[in-house]
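Below you'll find the structure, written out as structure tokens, and then a few comments.
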Amino acid sequence: MNNQEVVESKRLIMRRLMPEDYKVMTAWDMDERVYKYLLGSACKSPEEPLAWLPKKDPTSKVNILMLVSDKEDGHAVGIYALNHDVDRDVWTLSYVNRYDDWGKGYTVEGMNALMMHAAKIYGARTFEGECAKENIGSRRVMEKLGMVYDHSSSYTKNDGSVTFESDVFLLTIQKEKG
């Protein structure tokens, strides 16, 4: 893993997600509370991510999927991701944290570092995030990242079980001079 892409913040270290990470992912993947507003559903077994995880390209320049760990004790906090919609030139952010790490400011800290990394390395300028209107925690994350409300929308969980009214937030950063 010498050429592994790594992003660091004050308390977090992030690296590309790898198939062998499925074991630590159980800390959030099998928790219904974590999946309330996510498109997918909580996993029924620890091995379930192995259906998709090996298909992810850890060198992709359009799908940046990072395992996030706490620097102090090394525990896996969650997964933070940026996906580049090349046609619109917009980077969509997504994140999931283990439940016992909610409310600690990890998401704002980590996503800010990942967004700045994407701006520097991949030329990312416009970021988009969407959250259920009732998901106040994610709304606060986006606002703390400097994102602003753009429009209302809705999304349906992959299994069709529920549709959420949602808000879409945007942030455009200026290109660094130099």
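Ligands are numbered from 1 in the order shown, residues from 1 within each chain, and chains are lettered A, B, ... in the order they appear in the structure tokens.
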Report task. Could you find all residues in chain A that DSSP calls strand (DSSP E or B) from the backbone, and write them as a ChimeraX atom specification? Result -> /A:6-8,12-16,63-70,76-85,90-97,126-132,148-156,163-172
**Report entry** Residue neighbourhood stretch 70-82 of chain A, 7 Å, only C-alpha atoms, exclusion window fewer than 4 positions, as a list in words
**Finding:** Arg11, Leu12, Ile13, Val24, Asn63, Ile64, Leu65, Met66, Trp91, Thr92, Leu93, Ser94, Tyr95, Val96, Asn97, Arg98, Asp101 and Met111 of chain A
Report task. Could you give me, as a ChimeraX atom specification, the residues within 12 Å of A:Thr126, counting only C-alpha atoms and dropping anything in the same chain fewer than 4 positions from it? Result -> /A:82-86,88-93,115-116,118-119,122,146-148,169-175
Query raised in the report: Just asking: which residues within chain A are helix (DSSP H, G or I) according to DSSP, as a VMD selection string?
Result: chain A and resid 19 to 29 48 to 51 53 to 55 99 to 101 106 to 122 136 to 144
Query raised in the report: Contacts of A:His151 at 9 Å or less, counting only C-alpha atoms, minus same-chain residues fewer than 4 places along, as JSON, numbers by chain?
Result: {"A": [166, 167, 168, 169]}
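The list of residues with at least one atom within 9 Å of A:Gly137, based on only C-alpha atoms and without residues fewer than 3 positions apart in the same chain, reads A:Trp102, A:Gly103, A:Glu134, A:Arg140, A:Val141, A:Met142.
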Go ahead and save the residues from that selection, with N, CA and C atoms, as a PDB file, in the first residue's frame.
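After the write, again_34.pdb holds the following:
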ATOM      1  N   TRP A 102     -21.382   9.531  16.116  1.00  0.00           N
ATOM      2  CA  TRP A 102     -22.225  10.650  15.699  1.00  0.00           C
ATOM      3  C   TRP A 102     -22.050  11.799  16.693  1.00  0.00           C
ATOM      4  N   GLY A 103     -22.141  13.019  16.186  1.00  0.00           N
ATOM      5  CA  GLY A 103     -22.108  14.198  17.045  1.00  0.00           C
ATOM      6  C   GLY A 103     -20.730  14.626  17.520  1.00  0.00           C
ATOM      7  N   GLU A 134     -35.928  15.885   7.162  1.00  0.00           N
ATOM      8  CA  GLU A 134     -36.001  15.590   8.598  1.00  0.00           C
ATOM      9  C   GLU A 134     -34.645  15.205   9.199  1.00  0.00           C
ATOM     10  N   ARG A 140     -26.990  20.049   9.139  1.00  0.00           N
ATOM     11  CA  ARG A 140     -25.978  20.827   9.870  1.00  0.00           C
ATOM     12  C   ARG A 140     -24.578  20.570   9.319  1.00  0.00           C
ATOM     13  N   VAL A 141     -24.291  19.321   8.976  1.00  0.00           N
ATOM     14  CA  VAL A 141     -22.984  19.004   8.391  1.00  0.00           C
ATOM     15  C   VAL A 141     -22.772  19.841   7.134  1.00  0.00           C
ATOM     16  N   MET A 142     -23.749  19.836   6.247  1.00  0.00           N
ATOM     17  CA  MET A 142     -23.605  20.566   4.985  1.00  0.00           C
ATOM     18  C   MET A 142     -23.471  22.071   5.218  1.00  0.00           C
TER      19      MET A 142
END
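Closest approach to A:Ala51 among A:Tyr22, A:Glu143, A:Met14, A:Lys157 is made by A:Tyr22 (distances from only C-alpha atoms).
One distance worth recording is that between atom CA of A:Asn112 and atom CA of A:Asp21, which is 22.9 Å.
Counting from atom CA of A:Asn135, the distance to atom CA of A:Lys56 is 28.0 Å.
Atom CA of A:Gly105 to atom CA of A:Glu128 spans 19.3 Å [interatomic distance, one decimal].
In terms of minimum interatomic distance to A:Ala132, A:Glu165 ranks closest within A:Glu5, A:Glu165, A:Glu20, A:Asp87, counting only C-alpha atoms.
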